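structure23.txt follows (compact mmCIF, C-alpha atoms):
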# COMPACT_ATOMS: atom_id res chain seq x y z
CA MET A 231 34.89 -33.29 -64.18
CA SER A 232 32.43 -35.71 -62.72
CA PHE A 233 28.89 -34.74 -61.74
CA TRP A 234 29.60 -34.44 -58.04
CA ARG A 235 32.79 -32.43 -58.47
CA LYS A 236 30.87 -29.84 -60.46
CA VAL A 237 28.10 -29.86 -57.89
CA PHE A 238 30.54 -29.31 -55.04
CA ALA A 239 32.24 -26.52 -56.97
CA ILE A 240 28.93 -24.62 -57.00
CA THR A 241 28.22 -25.42 -53.36
CA TRP A 242 31.74 -24.35 -52.40
CA LYS A 243 31.27 -21.05 -54.22
CA ASP A 244 28.19 -20.42 -52.07
CA VAL A 245 29.97 -21.43 -48.89
CA LEU A 246 32.89 -19.10 -49.70
CA ALA A 247 30.56 -16.21 -50.46
CA GLU A 248 28.70 -16.88 -47.24
CA MET A 249 31.91 -17.04 -45.19
CA ARG A 250 32.92 -13.63 -46.54
CA THR A 251 29.60 -11.82 -46.34
CA LYS A 252 27.96 -13.82 -43.52
CA GLU A 253 24.74 -12.49 -44.96
CA ILE A 254 22.35 -15.43 -44.75
CA ILE A 255 23.36 -17.23 -41.58
CA SER A 256 23.77 -14.18 -39.35
CA ALA A 257 20.60 -12.41 -40.49
CA VAL A 258 18.41 -15.50 -40.46
CA LEU A 259 19.76 -16.57 -37.09
CA VAL A 260 18.88 -13.23 -35.53
CA PHE A 261 15.46 -13.44 -37.14
CA THR A 262 14.98 -16.96 -35.77
CA LEU A 263 15.85 -15.87 -32.25
CA LEU A 264 13.47 -12.93 -32.49
CA VAL A 265 10.64 -15.20 -33.54
CA ILE A 266 11.32 -17.47 -30.57
CA VAL A 267 11.30 -14.47 -28.22
CA ILE A 268 8.03 -13.20 -29.70
CA PHE A 269 6.45 -16.62 -29.25
CA ASN A 270 7.48 -16.52 -25.64
CA PHE A 271 5.45 -13.36 -25.14
CA ALA A 272 2.59 -14.59 -27.27
CA PHE A 273 2.03 -17.84 -25.40
CA GLY A 274 3.68 -17.38 -21.99
CA THR A 275 6.12 -19.84 -20.53
CA SER A 276 4.19 -21.92 -18.06
CA PRO A 277 5.35 -25.54 -18.45
CA ASP A 278 1.88 -26.75 -19.43
CA VAL A 279 1.58 -24.28 -22.26
CA VAL A 280 5.11 -24.94 -23.47
CA LYS A 281 4.40 -28.63 -23.59
CA LEU A 282 1.35 -28.00 -25.76
CA VAL A 283 2.78 -25.50 -28.21
CA ALA A 284 6.54 -26.18 -28.25
CA SER A 285 6.55 -28.33 -31.35
CA GLY A 286 4.27 -25.96 -33.23
CA MET A 287 6.43 -22.97 -32.26
CA LEU A 288 9.55 -24.78 -33.37
CA TRP A 289 8.19 -25.48 -36.84
CA VAL A 290 6.60 -22.10 -37.43
CA THR A 291 10.02 -20.65 -36.57
CA PHE A 292 11.90 -23.04 -38.85
CA ALA A 293 9.44 -22.61 -41.71
CA PHE A 294 9.85 -18.83 -41.56
CA SER A 295 13.62 -19.07 -41.30
CA GLY A 296 13.61 -21.48 -44.20
CA VAL A 297 11.68 -19.10 -46.44
CA LEU A 298 13.89 -16.20 -45.42
CA SER A 299 17.15 -17.98 -46.18
CA LEU A 300 15.86 -19.61 -49.37
CA ASN A 301 14.78 -16.18 -50.57
CA ARG A 302 18.40 -15.09 -50.43
CA ALA A 303 19.70 -18.14 -52.28
CA PHE A 304 19.38 -16.58 -55.72
CA VAL A 305 19.15 -12.88 -54.91
CA MET A 306 22.90 -12.42 -54.73
CA GLU A 307 23.38 -14.33 -57.99
CA LYS A 308 20.86 -12.07 -59.64
CA GLU A 309 22.10 -8.77 -58.24
CA GLU A 310 25.78 -9.35 -58.88
CA GLY A 311 25.21 -10.80 -62.34
CA CYS A 312 26.53 -14.16 -61.20
CA PHE A 313 23.48 -15.86 -62.65
CA GLU A 314 24.69 -15.27 -66.20
CA GLY A 315 28.03 -16.69 -65.20
CA LEU A 316 26.41 -19.84 -63.93
CA MET A 317 24.29 -20.12 -67.06
CA VAL A 318 27.24 -19.93 -69.45
CA ALA A 319 29.38 -22.25 -67.35
CA PRO A 320 29.76 -25.67 -69.00
CA VAL A 321 27.50 -27.44 -66.53
CA SER A 322 23.97 -28.70 -66.93
CA ARG A 323 21.05 -26.99 -65.20
CA GLU A 324 20.58 -30.05 -63.02
CA ILE A 325 24.05 -29.56 -61.59
CA ILE A 326 23.26 -25.93 -60.76
CA TYR A 327 20.11 -27.10 -58.96
CA THR A 328 21.93 -29.76 -56.95
CA GLY A 329 24.76 -27.41 -56.03
CA LYS A 330 22.49 -24.59 -54.93
CA MET A 331 20.25 -27.03 -53.09
CA LEU A 332 23.17 -28.47 -51.10
CA GLY A 333 24.35 -24.96 -50.24
CA SER A 334 20.94 -23.95 -48.93
CA LEU A 335 20.64 -27.23 -47.05
CA LEU A 336 23.96 -26.62 -45.34
CA PHE A 337 23.07 -23.06 -44.30
CA LEU A 338 19.67 -24.02 -43.02
CA LEU A 339 21.04 -26.97 -41.05
CA ILE A 340 23.65 -24.73 -39.43
CA ILE A 341 20.96 -22.21 -38.48
CA GLU A 342 18.81 -24.97 -37.00
CA ALA A 343 21.73 -26.54 -35.17
CA ILE A 344 22.34 -23.22 -33.42
CA ALA A 345 18.68 -22.33 -32.89
CA LEU A 346 17.60 -25.68 -31.48
CA PRO A 347 19.79 -25.62 -28.33
CA ILE A 348 18.81 -21.99 -27.73
CA PHE A 349 15.19 -22.98 -28.07
CA ALA A 350 15.73 -25.79 -25.58
CA PHE A 351 17.56 -23.44 -23.22
CA LEU A 352 14.89 -20.73 -23.30
CA PHE A 353 11.95 -23.05 -22.88
CA ASN A 354 13.57 -25.62 -20.65
CA LEU A 355 13.00 -28.51 -23.03
CA GLY A 356 14.97 -31.67 -23.64
CA VAL A 357 15.48 -31.54 -27.39
CA PHE A 358 18.40 -33.89 -27.77
CA SER A 359 16.84 -37.05 -29.02
CA TRP A 360 17.88 -38.86 -32.17
CA GLN A 361 14.26 -38.81 -33.25
CA LEU A 362 14.14 -35.02 -33.28
CA ILE A 363 17.43 -34.75 -35.15
CA VAL A 364 16.19 -37.11 -37.87
CA ILE A 365 12.88 -35.21 -38.12
CA VAL A 366 14.65 -31.86 -38.43
CA PHE A 367 17.01 -33.22 -41.05
CA LEU A 368 14.35 -34.89 -43.22
CA THR A 369 12.02 -31.90 -43.06
CA THR A 370 14.83 -29.50 -43.92
CA VAL A 371 15.73 -31.61 -46.96
CA GLY A 372 12.08 -31.31 -48.04
CA PHE A 373 12.17 -27.53 -47.50
CA VAL A 374 15.25 -26.95 -49.61
CA GLY A 375 14.23 -29.49 -52.25
CA VAL A 376 11.18 -27.50 -53.38
CA GLY A 377 12.50 -24.25 -51.94
CA THR A 378 15.48 -24.06 -54.29
CA LEU A 379 13.22 -24.59 -57.30
CA PHE A 380 10.76 -21.91 -56.19
CA SER A 381 13.49 -19.54 -55.08
CA ALA A 382 14.98 -19.56 -58.59
CA LEU A 383 11.49 -18.96 -59.93
CA ALA A 384 10.64 -16.17 -57.49
CA VAL A 385 13.83 -14.22 -58.14
CA ASN A 386 12.80 -13.87 -61.79
CA THR A 387 9.42 -12.32 -61.01
CA LYS A 388 8.47 -8.75 -60.27
CA ALA A 389 7.61 -9.23 -56.61
CA ARG A 390 10.56 -11.50 -55.64
CA GLU A 391 10.32 -11.83 -51.85
CA MET A 392 6.55 -12.03 -51.83
CA VAL A 393 6.28 -14.82 -54.35
CA LEU A 394 8.33 -17.47 -52.56
CA PRO A 395 6.15 -17.86 -49.43
CA ILE A 396 2.97 -17.97 -51.52
CA LEU A 397 4.36 -20.83 -53.58
CA PHE A 398 6.37 -22.53 -50.88
CA PHE A 399 3.97 -22.83 -47.94
CA PRO A 400 1.03 -24.62 -49.61
CA ILE A 401 3.38 -27.22 -51.08
CA VAL A 402 5.25 -27.95 -47.84
CA ILE A 403 2.13 -28.11 -45.64
CA PRO A 404 2.21 -31.94 -45.56
CA ILE A 405 5.76 -32.06 -44.19
CA ILE A 406 5.07 -29.25 -41.74
CA ILE A 407 2.14 -31.29 -40.41
CA GLY A 408 4.42 -34.32 -40.20
CA ALA A 409 7.23 -32.39 -38.52
CA VAL A 410 4.90 -30.85 -35.91
CA LYS A 411 3.25 -34.17 -35.06
CA ALA A 412 6.48 -36.14 -34.97
CA SER A 413 8.33 -33.50 -32.91
CA GLU A 414 5.46 -33.42 -30.46
CA SER A 415 5.94 -37.13 -29.93
CA ALA A 416 9.75 -36.85 -29.81
CA LEU A 417 9.68 -33.98 -27.28
CA SER A 418 7.53 -36.03 -24.94
CA GLY A 419 9.86 -38.98 -25.21
CA GLY A 420 8.03 -41.06 -27.80
CA SER A 421 9.62 -44.04 -29.48
CA TRP A 422 10.58 -44.53 -33.13
CA GLY A 423 7.42 -46.54 -33.67
CA ASP A 424 5.25 -43.50 -32.81
CA ILE A 425 6.76 -41.35 -35.51
CA SER A 426 7.54 -43.93 -38.19
CA SER A 427 4.53 -43.13 -40.38
CA TRP A 428 5.36 -39.40 -40.28
CA LEU A 429 8.99 -40.07 -41.13
CA GLY A 430 7.73 -42.22 -44.00
CA ILE A 431 5.58 -39.43 -45.42
CA THR A 432 8.34 -36.85 -45.03
CA GLY A 433 10.89 -39.21 -46.59
CA ALA A 434 8.58 -39.88 -49.54
CA PHE A 435 8.00 -36.15 -49.96
CA ASP A 436 11.77 -35.54 -49.98
CA VAL A 437 12.46 -38.17 -52.62
CA ILE A 438 9.53 -37.17 -54.85
CA PHE A 439 10.27 -33.46 -54.78
CA LEU A 440 14.02 -33.78 -55.10
CA VAL A 441 13.44 -35.78 -58.28
CA VAL A 442 10.66 -33.52 -59.64
CA SER A 443 12.60 -30.32 -58.88
CA TYR A 444 15.78 -31.79 -60.37
CA LEU A 445 13.89 -32.62 -63.56
CA ILE A 446 12.06 -29.31 -64.05
CA PHE A 447 14.62 -26.85 -62.67
CA ALA A 448 15.96 -26.28 -66.20
CA PHE A 449 12.61 -24.79 -67.25
CA VAL A 450 12.73 -22.23 -64.47
CA ILE A 451 16.06 -20.63 -65.24
CA GLU A 452 16.23 -20.83 -69.03
CA GLU A 453 16.26 -17.33 -70.41
CA MET B 170 -23.03 -28.24 -84.28
CA LYS B 171 -21.24 -30.67 -81.99
CA ARG B 172 -21.24 -28.05 -79.28
CA TYR B 173 -25.00 -27.69 -79.46
CA LEU B 174 -25.39 -31.45 -79.12
CA LEU B 175 -23.17 -31.36 -76.06
CA LEU B 176 -25.13 -28.43 -74.70
CA ALA B 177 -28.41 -30.32 -75.16
CA LEU B 178 -26.92 -33.38 -73.50
CA SER B 179 -25.71 -31.32 -70.57
CA PHE B 180 -29.08 -29.61 -70.19
CA THR B 181 -30.95 -32.92 -70.18
CA LEU B 182 -28.55 -34.51 -67.72
CA MET B 183 -28.71 -31.49 -65.43
CA VAL B 184 -32.52 -31.52 -65.38
CA VAL B 185 -32.57 -35.28 -64.71
CA SER B 186 -29.97 -34.84 -61.99
CA LEU B 187 -31.95 -32.03 -60.33
CA TYR B 188 -35.14 -34.08 -60.52
CA PHE B 189 -33.37 -37.05 -58.95
CA VAL B 190 -31.79 -34.96 -56.21
CA PHE B 191 -34.83 -32.97 -55.18
CA VAL B 192 -37.76 -35.26 -55.94
CA TRP B 193 -36.91 -38.86 -56.63
CA VAL B 194 -34.14 -39.90 -54.27
CA PRO B 195 -35.21 -40.93 -50.74
CA THR B 196 -34.18 -38.74 -47.81
CA GLU B 197 -31.31 -40.13 -45.80
CA ARG B 198 -32.43 -41.46 -42.41
CA MET B 199 -29.67 -40.17 -40.12
CA MET B 200 -28.78 -36.83 -41.66
CA GLY B 201 -32.13 -35.90 -43.14
CA ILE B 202 -32.68 -33.45 -45.94
CA VAL B 203 -29.18 -31.95 -45.60
CA GLN B 204 -27.69 -35.10 -47.03
CA ARG B 205 -28.85 -33.98 -50.49
CA ILE B 206 -25.94 -31.50 -50.62
CA PHE B 207 -23.86 -34.61 -51.02
CA TYR B 208 -24.94 -34.87 -54.69
CA LEU B 209 -23.43 -31.45 -55.35
CA MET B 210 -20.44 -31.81 -53.04
CA VAL B 211 -19.06 -35.01 -54.53
CA PRO B 212 -19.15 -33.76 -58.16
CA THR B 213 -17.43 -30.47 -57.21
CA GLY B 214 -14.77 -32.41 -55.33
CA TRP B 215 -14.26 -34.70 -58.31
CA LEU B 216 -14.02 -31.75 -60.70
CA THR B 217 -11.42 -30.15 -58.43
CA LEU B 218 -9.23 -33.18 -59.03
CA LEU B 219 -10.11 -33.56 -62.71
CA SER B 220 -9.33 -29.93 -63.51
CA PHE B 221 -6.04 -30.18 -61.65
CA LEU B 222 -5.17 -33.30 -63.61
CA ILE B 223 -5.76 -31.37 -66.85
CA VAL B 224 -3.61 -28.51 -65.56
CA PHE B 225 -0.88 -31.06 -64.81
CA ILE B 226 -1.02 -32.69 -68.25
CA GLY B 227 -1.28 -29.34 -70.02
CA SER B 228 1.71 -28.02 -68.05
CA ILE B 229 3.91 -30.98 -68.90
CA LEU B 230 2.98 -30.82 -72.60
CA TYR B 231 3.62 -27.08 -72.63
CA LEU B 232 7.08 -27.42 -71.11
CA VAL B 233 7.99 -30.26 -73.48
CA LYS B 234 6.45 -29.04 -76.74
CA ARG B 235 6.34 -25.28 -76.20
CA GLU B 236 3.05 -24.90 -78.03
CA GLU B 237 0.85 -22.17 -76.67
CA LYS B 238 -2.32 -24.27 -76.98
CA TRP B 239 -1.22 -26.50 -74.09
CA ASP B 240 -0.69 -23.52 -71.85
CA ILE B 241 -4.11 -22.22 -72.84
CA LEU B 242 -5.66 -25.58 -71.96
CA ALA B 243 -3.95 -25.64 -68.56
CA TYR B 244 -4.86 -22.02 -67.84
CA CYS B 245 -8.54 -22.47 -68.71
CA SER B 246 -8.84 -25.71 -66.81
CA GLY B 247 -7.21 -24.06 -63.82
CA GLU B 248 -9.60 -21.16 -63.94
CA ILE B 249 -12.70 -23.37 -63.98
CA GLY B 250 -11.05 -25.63 -61.42
CA LEU B 251 -10.59 -22.71 -59.05
CA VAL B 252 -14.32 -22.00 -59.27
CA PHE B 253 -15.20 -25.63 -58.55
CA THR B 254 -12.68 -25.84 -55.70
CA THR B 255 -14.29 -22.76 -54.14
CA LEU B 256 -17.71 -24.39 -54.62
CA ALA B 257 -16.43 -27.59 -53.01
CA LEU B 258 -15.25 -25.59 -49.99
CA ILE B 259 -18.57 -23.75 -49.72
CA THR B 260 -20.76 -26.86 -50.08
CA GLY B 261 -18.42 -28.70 -47.73
CA SER B 262 -18.89 -26.15 -44.97
CA ILE B 263 -22.66 -25.93 -45.55
CA TRP B 264 -22.68 -29.68 -45.07
CA ALA B 265 -20.48 -29.50 -41.99
CA LYS B 266 -22.66 -26.98 -40.15
CA PRO B 267 -25.75 -29.18 -39.50
CA ILE B 268 -23.79 -32.44 -39.26
CA TRP B 269 -20.94 -31.41 -36.95
CA GLY B 270 -22.31 -28.11 -35.67
CA VAL B 271 -19.44 -26.00 -37.02
CA TRP B 272 -18.89 -24.27 -40.34
CA TRP B 273 -15.34 -25.38 -40.58
CA ASP B 274 -14.12 -28.65 -39.15
CA TRP B 275 -10.32 -28.91 -39.26
CA GLY B 276 -10.65 -32.59 -38.52
CA THR B 277 -12.10 -33.39 -41.93
CA PRO B 278 -9.24 -34.41 -44.19
CA ARG B 279 -11.21 -33.82 -47.40
CA LEU B 280 -12.09 -30.27 -46.40
CA THR B 281 -8.57 -29.36 -45.24
CA SER B 282 -6.85 -30.88 -48.25
CA THR B 283 -9.27 -29.07 -50.56
CA LEU B 284 -8.27 -25.84 -48.83
CA VAL B 285 -4.58 -26.59 -49.48
CA LEU B 286 -5.42 -27.30 -53.12
CA TRP B 287 -7.23 -23.99 -53.30
CA PHE B 288 -4.06 -22.22 -52.14
CA ILE B 289 -1.97 -24.06 -54.72
CA TYR B 290 -4.45 -22.98 -57.41
CA LEU B 291 -4.15 -19.38 -56.24
CA ALA B 292 -0.37 -19.63 -56.43
CA TYR B 293 -0.74 -20.95 -59.98
CA PHE B 294 -2.47 -17.73 -61.03
CA LEU B 295 -0.47 -15.34 -58.85
CA VAL B 296 2.84 -16.48 -60.29
CA ARG B 297 1.51 -15.75 -63.76
CA SER B 298 0.52 -12.21 -62.85
CA PHE B 299 3.86 -11.54 -61.16
CA ALA B 300 5.91 -12.55 -64.19
CA SER B 301 7.29 -9.77 -66.31
CA GLU B 302 6.13 -11.23 -69.64
CA PRO B 303 3.34 -13.71 -70.53
CA SER B 304 5.59 -16.44 -71.93
CA ARG B 305 7.68 -16.47 -68.78
CA GLY B 306 4.53 -16.47 -66.67
CA ALA B 307 3.26 -19.50 -68.60
CA ARG B 308 6.51 -21.35 -67.97
CA PHE B 309 6.50 -20.56 -64.24
CA ALA B 310 2.82 -21.44 -63.89
CA ALA B 311 3.47 -24.77 -65.60
CA VAL B 312 6.15 -25.53 -63.01
CA VAL B 313 3.68 -24.72 -60.22
CA GLY B 314 1.00 -26.81 -61.94
CA ILE B 315 3.26 -29.85 -62.03
CA VAL B 316 4.62 -29.50 -58.48
CA GLY B 317 1.12 -28.77 -57.15
CA PHE B 318 -0.42 -31.86 -58.69
CA VAL B 319 2.35 -34.13 -57.46
CA ASP B 320 1.74 -32.70 -53.99
CA ILE B 321 -1.96 -33.70 -53.87
CA PRO B 322 -1.60 -37.34 -52.74
CA ILE B 323 0.86 -36.34 -50.02
CA VAL B 324 -1.45 -33.58 -48.80
CA ILE B 325 -4.39 -35.98 -48.60
CA LEU B 326 -2.28 -38.62 -46.87
CA SER B 327 -0.88 -36.27 -44.25
CA THR B 328 -4.15 -34.46 -43.47
CA THR B 329 -5.79 -37.87 -43.02
CA LEU B 330 -3.04 -39.09 -40.76
CA TRP B 331 -3.04 -35.80 -38.85
CA GLN B 332 -6.60 -36.54 -37.89
CA GLY B 333 -5.31 -39.80 -36.49
CA MET B 334 -7.36 -42.16 -38.57
CA HIS B 335 -6.92 -44.40 -41.54
CA PRO B 336 -8.30 -43.21 -44.86
CA PRO B 337 -12.06 -43.64 -44.62
CA PRO B 338 -13.61 -46.11 -47.03
CA LEU B 339 -14.89 -44.62 -50.24
CA ILE B 340 -18.57 -43.81 -50.32
CA PHE B 341 -18.94 -46.05 -53.34
CA GLN B 342 -17.91 -49.09 -51.38
CA GLU B 343 -20.33 -48.58 -48.54
CA ALA B 344 -22.84 -51.37 -48.55
CA GLY B 345 -25.44 -49.15 -46.91
CA LEU B 346 -25.87 -46.78 -49.84
CA ASP B 347 -29.32 -47.15 -51.33
CA PRO B 348 -29.23 -48.08 -55.06
CA ARG B 349 -31.36 -45.02 -55.81
CA MET B 350 -28.83 -42.77 -54.01
CA MET B 351 -26.03 -44.44 -55.92
CA LEU B 352 -27.79 -43.81 -59.23
CA THR B 353 -28.48 -40.17 -58.31
CA LEU B 354 -24.82 -39.70 -57.42
CA GLN B 355 -23.70 -41.24 -60.68
CA VAL B 356 -26.07 -39.11 -62.75
CA SER B 357 -24.91 -35.97 -60.91
CA LEU B 358 -21.28 -36.88 -61.48
CA ILE B 359 -21.84 -37.33 -65.21
CA ALA B 360 -23.97 -34.18 -65.47
CA TYR B 361 -21.36 -31.99 -63.79
CA THR B 362 -18.50 -33.55 -65.74
CA VAL B 363 -20.27 -32.77 -69.02
CA LEU B 364 -20.88 -29.24 -67.77
CA PHE B 365 -17.18 -28.95 -67.00
CA VAL B 366 -16.26 -30.08 -70.53
CA ILE B 367 -18.62 -27.50 -72.05
CA LEU B 368 -17.22 -24.73 -69.86
CA LEU B 369 -13.68 -25.79 -70.73
CA ILE B 370 -14.35 -25.76 -74.48
CA ALA B 371 -16.04 -22.36 -74.27
CA ARG B 372 -13.20 -20.92 -72.19
CA VAL B 373 -10.50 -22.28 -74.50
CA LEU B 374 -12.24 -20.77 -77.54
CA LEU B 375 -12.53 -17.45 -75.74
CA LYS B 376 -8.90 -17.54 -74.71
CA ASN B 377 -7.86 -18.32 -78.27
CA SER B 378 -9.69 -15.19 -79.41
CA GLU B 379 -7.99 -13.19 -76.66
CA VAL B 380 -4.60 -14.42 -77.87
CA ASP B 381 -5.48 -13.61 -81.50
CA ILE B 382 -6.48 -10.09 -80.53
CA ARG B 383 -3.26 -9.65 -78.60
CA TYR B 384 -1.21 -10.71 -81.62
CA LEU B 385 -3.19 -8.38 -83.88
CA LYS B 386 -2.62 -5.48 -81.51
CA GLU B 387 1.08 -6.14 -81.29
CA GLY B 388 1.15 -6.37 -85.09
Output the structure of this file as structure tokens.
Amino acid sequence: MSFWRKVFAITWKDVLAEMRTKEIISAVLVFTLLVIVIFNFAFGTSPDVVKLVASGMLWVTFAFSGVLSLNRAFVMEKEEGCFEGLMVAPVSREIIYTGKMLGSLLFLLIIEAIALPIFAFLFNLGVFSWQLIVIVFLTTVGFVGVGTLFSALAVNTKAREMVLPILFFPIVIPIIIGAVKASESALSGGSWGDISSWLGITGAFDVIFLVVSYLIFAFVIEE
Amino acid sequence: MKRYLLLALSFTLMVVSLYFVFVWVPTERMMGIVQRIFYLMVPTGWLTLLSFLIVFIGSILYLVKREEKWDILAYCSGEIGLVFTTLALITGSIWAKPIWGVWWDWGTPRLTSTLVLWFIYLAYFLVRSFASEPSRGARFAAVVGIVGFVDIPIVILSTTLWQGMHPPPLIFQEAGLDPRMMLTLQVSLIAYTVLFVILLIARVLLKNSEVDIRYLKEG
């Protein structure tokens, strides 16, 4: 089998498991909505305030949802003994990384695609600009790129759920900054030129960390 | 013997550096006496980066060669680096207070990116302590060490851009810096780098003994 067919086999396994259990998407989606509701009470909903904090709220919400769903990415493998199955399967570690990464990317994008319109609806914001969609996509790729690596690492430690945020947040700070700044501009109707340098940084982050994670993933899961 | 030579060298350099900083160098016109913190702040900032570079190299060599000495090097460098990063944050905020009137200025890219580095360093040690056995902890920490170092340029770039300005010119390129200030800075940089090397050697030797004792205990 070619590289991509093996990768898609692993991704498809995750999609199938998710379609049967609906564990990640449903739970994380509810969590995401709750965070949005809590923000509403924390900051109030006067249009001036919303304009100021909307982009920050959006990315705090997405960063938390990202950590929550990435945390689950390897837990099921570990608990059900599927990890050993993956390890003895005749595929390289890099393929496991790419497959799991694509699965997490898909789940997170679905969650965001549902949460974003609800966010717009609740706060009366116009979120449907191509700029915002590109920002969300690029930042999410960055999240799952390092997130998959750290998730596999965290699941093999004693404190599992606590380890991932501690590792994940400091590393993704640059793209969170970029996402907040660029979304702020996109939400107030900015042009591509206003956000190009942020998209550049986020894009560079994505490429660098996809490559680095791809290369060192094997060291995380060898046992 | 070599270590004593290094120790003597470090002592001399440190005394010269202190003399330069507190007696010889002229007081800066705009910022006044406070500006002298600069000669401590720059070396600590530099050592933050240097120690992280050693962690990075040690981590890669450990993952590739699987020899414990590389992990020990990375661990010890990280430990001293964490101390210097903390010092850089403290001196940075002592500097910020009289200049900008606040202890912590989020608008200073160097300060904010040092804070992010500090968190990455913490993660480097936390992941070790959360691992179920030392060898696994070393492997995980090496992964964090590599990813963390690669992240540094992006962190600096984005915190600078967040502030909405282009990267400020390096102090070394400023035409206005008095030659005596320049010399003082250079002496301080060398003095603190030698100190770092001495601390690193001492820590590695200590860690080696710790490992030996552990092996002896385990039989």
Can I get the residues of chain A within 7 Å of chain B, each with the closest pair of atoms and their distance in Å to one decimal, using all atoms listed in the file, sorted chain first then ascending number, as a tab-separated table?
residue	atom	partner	partner_atom	distance
A:Leu383	CA	B:Phe309	CA	6.8
A:Thr387	CA	B:Ala300	CA	4.7
A:Lys388	CA	B:Phe299	CA	5.5
A:Ala389	CA	B:Phe299	CA	6.3
A:Ile396	CA	B:Ala292	CA	6.2
A:Leu397	CA	B:Ala292	CA	5.7
A:Pro400	CA	B:Val285	CA	5.9
A:Ile401	CA	B:Asp320	CA	6.4
A:Pro404	CA	B:Val324	CA	5.2
A:Ile407	CA	B:Ser327	CA	7.0
A:Gly408	CA	B:Ser327	CA	6.9
A:Val450	CA	B:Phe309	CA	6.5
If you measure from CA of Ser179 in chain B to CA of Pro212 in chain B, what distance in Å do you get, rounded to one decimal? 14.2 Å
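In this structure, CA of Thr241 in chain A sits 25.2 Å away from CA of Thr291 in chain A.
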Between CA of Phe304 in chain A and CA of Ala382 in chain A, what is the spacing in Å? 6.0 Å
Step by step: start from the point (24.5, -16.3, -55.2) in the file's coordinates, keep every protein, DNA or RNA residue that has an atom no farther than 7 Å from it, count only C-alpha atoms, and write the set as a PyMOL selection string. chain A and resi 244+303-307+312
Give me, as a short mmCIF file (atom, residue, chain, number, x, y, z; two decimals) with C-alpha atoms, in the frame of the given file, all polymer residues having an atom no more than 9 Å from Leu263 in chain A, counting all atoms listed in the file and skipping those fewer than 2 positions away in the same chain.
data_model
loop_
_atom_site.label_atom_id
_atom_site.label_comp_id
_atom_site.auth_asym_id
_atom_site.auth_seq_id
_atom_site.Cartn_x
_atom_site.Cartn_y
_atom_site.Cartn_z
CA VAL A 258 18.41 -15.50 -40.46
CA LEU A 259 19.76 -16.57 -37.09
CA VAL A 260 18.88 -13.23 -35.53
CA PHE A 261 15.46 -13.44 -37.14
CA VAL A 265 10.64 -15.20 -33.54
CA ILE A 266 11.32 -17.47 -30.57
CA VAL A 267 11.30 -14.47 -28.22
CA ILE A 268 8.03 -13.20 -29.70
CA THR A 291 10.02 -20.65 -36.57
CA ALA A 345 18.68 -22.33 -32.89
CA ILE A 348 18.81 -21.99 -27.73
CA PHE A 349 15.19 -22.98 -28.07
#
So which residues touch range 276-283 of chain A within 10 Å, counting all atoms listed in the file, skipping near sequence neighbours fewer than 3 positions away, as a ChimeraX atom specification? /A:269-270,273,286-288,353-355,410,414,417-418
Near range 255-272 of chain B, counting only C-alpha atoms, which residues have an atom at most 6 Å away, once you skip same-chain residues fewer than 5 positions from it, shown as JSON, numbers by chain? {"B": [210, 213, 214]}
Minimum-distance residue to Lys238 in chain B, chosen among B:Leu374, B:Gly388, B:Thr362, B:Phe221 (using all atoms listed in the file):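 Among the listed residues, the smallest separation from Lys238 in chain B belongs to B:Leu374.
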Range 368-374 of chain A surroundings by all atoms listed in the file, 8 Å radius, close-in-sequence under 4 positions cut, as a list in words: Gly296, Leu300, Met331, Ser334, Leu335, Leu338, Leu339, Val364, Thr378, Val402, Ile405, Ile406, Ala409, Leu429, Thr432, Gly433, Phe435, Asp436, Phe439 and Leu440 of chain A
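Compared by their closest atoms to Leu175 in chain B, and using only C-alpha atoms, the residues B:Arg205, B:Glu379, B:Leu385, B:Phe365 rank with B:Phe365 nearest.
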Could you list as a PyMOL selection string every residue that has an atom within 10 Å of (30.6, -30.4, -60.2), using the file's coordinates and counting all atoms listed in the file? chain A and resi 231-242+321-322+325-326+328-329
List as a PyMOL selection string the protein and nucleic acid residues near range 344-359 of chain B, meaning an atom at most 7 Å away when all atoms listed in the file are counted, but skip any in the same chain fewer than 5 places from it. chain B and resi 186+189-190+194+208+212
Point out the residue among B:Phe253, B:Tyr384, B:Tyr244, B:Tyr231 with the least atom-to-atom distance to Phe449 in chain A, counting only C-alpha atoms. B:Tyr231
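Ranking B:Asn377, B:Ser228, B:Thr254, B:Thr329 by their shortest atom-to-atom distance to Leu216 in chain B, with only C-alpha atoms included, puts B:Thr254 first.
Candidate residues A:Tyr444, A:Ile403, A:Ser415, A:Val366 were compared for distance to Thr281 in chain B, and the nearest is A:Ile403, using all atoms listed in the file.
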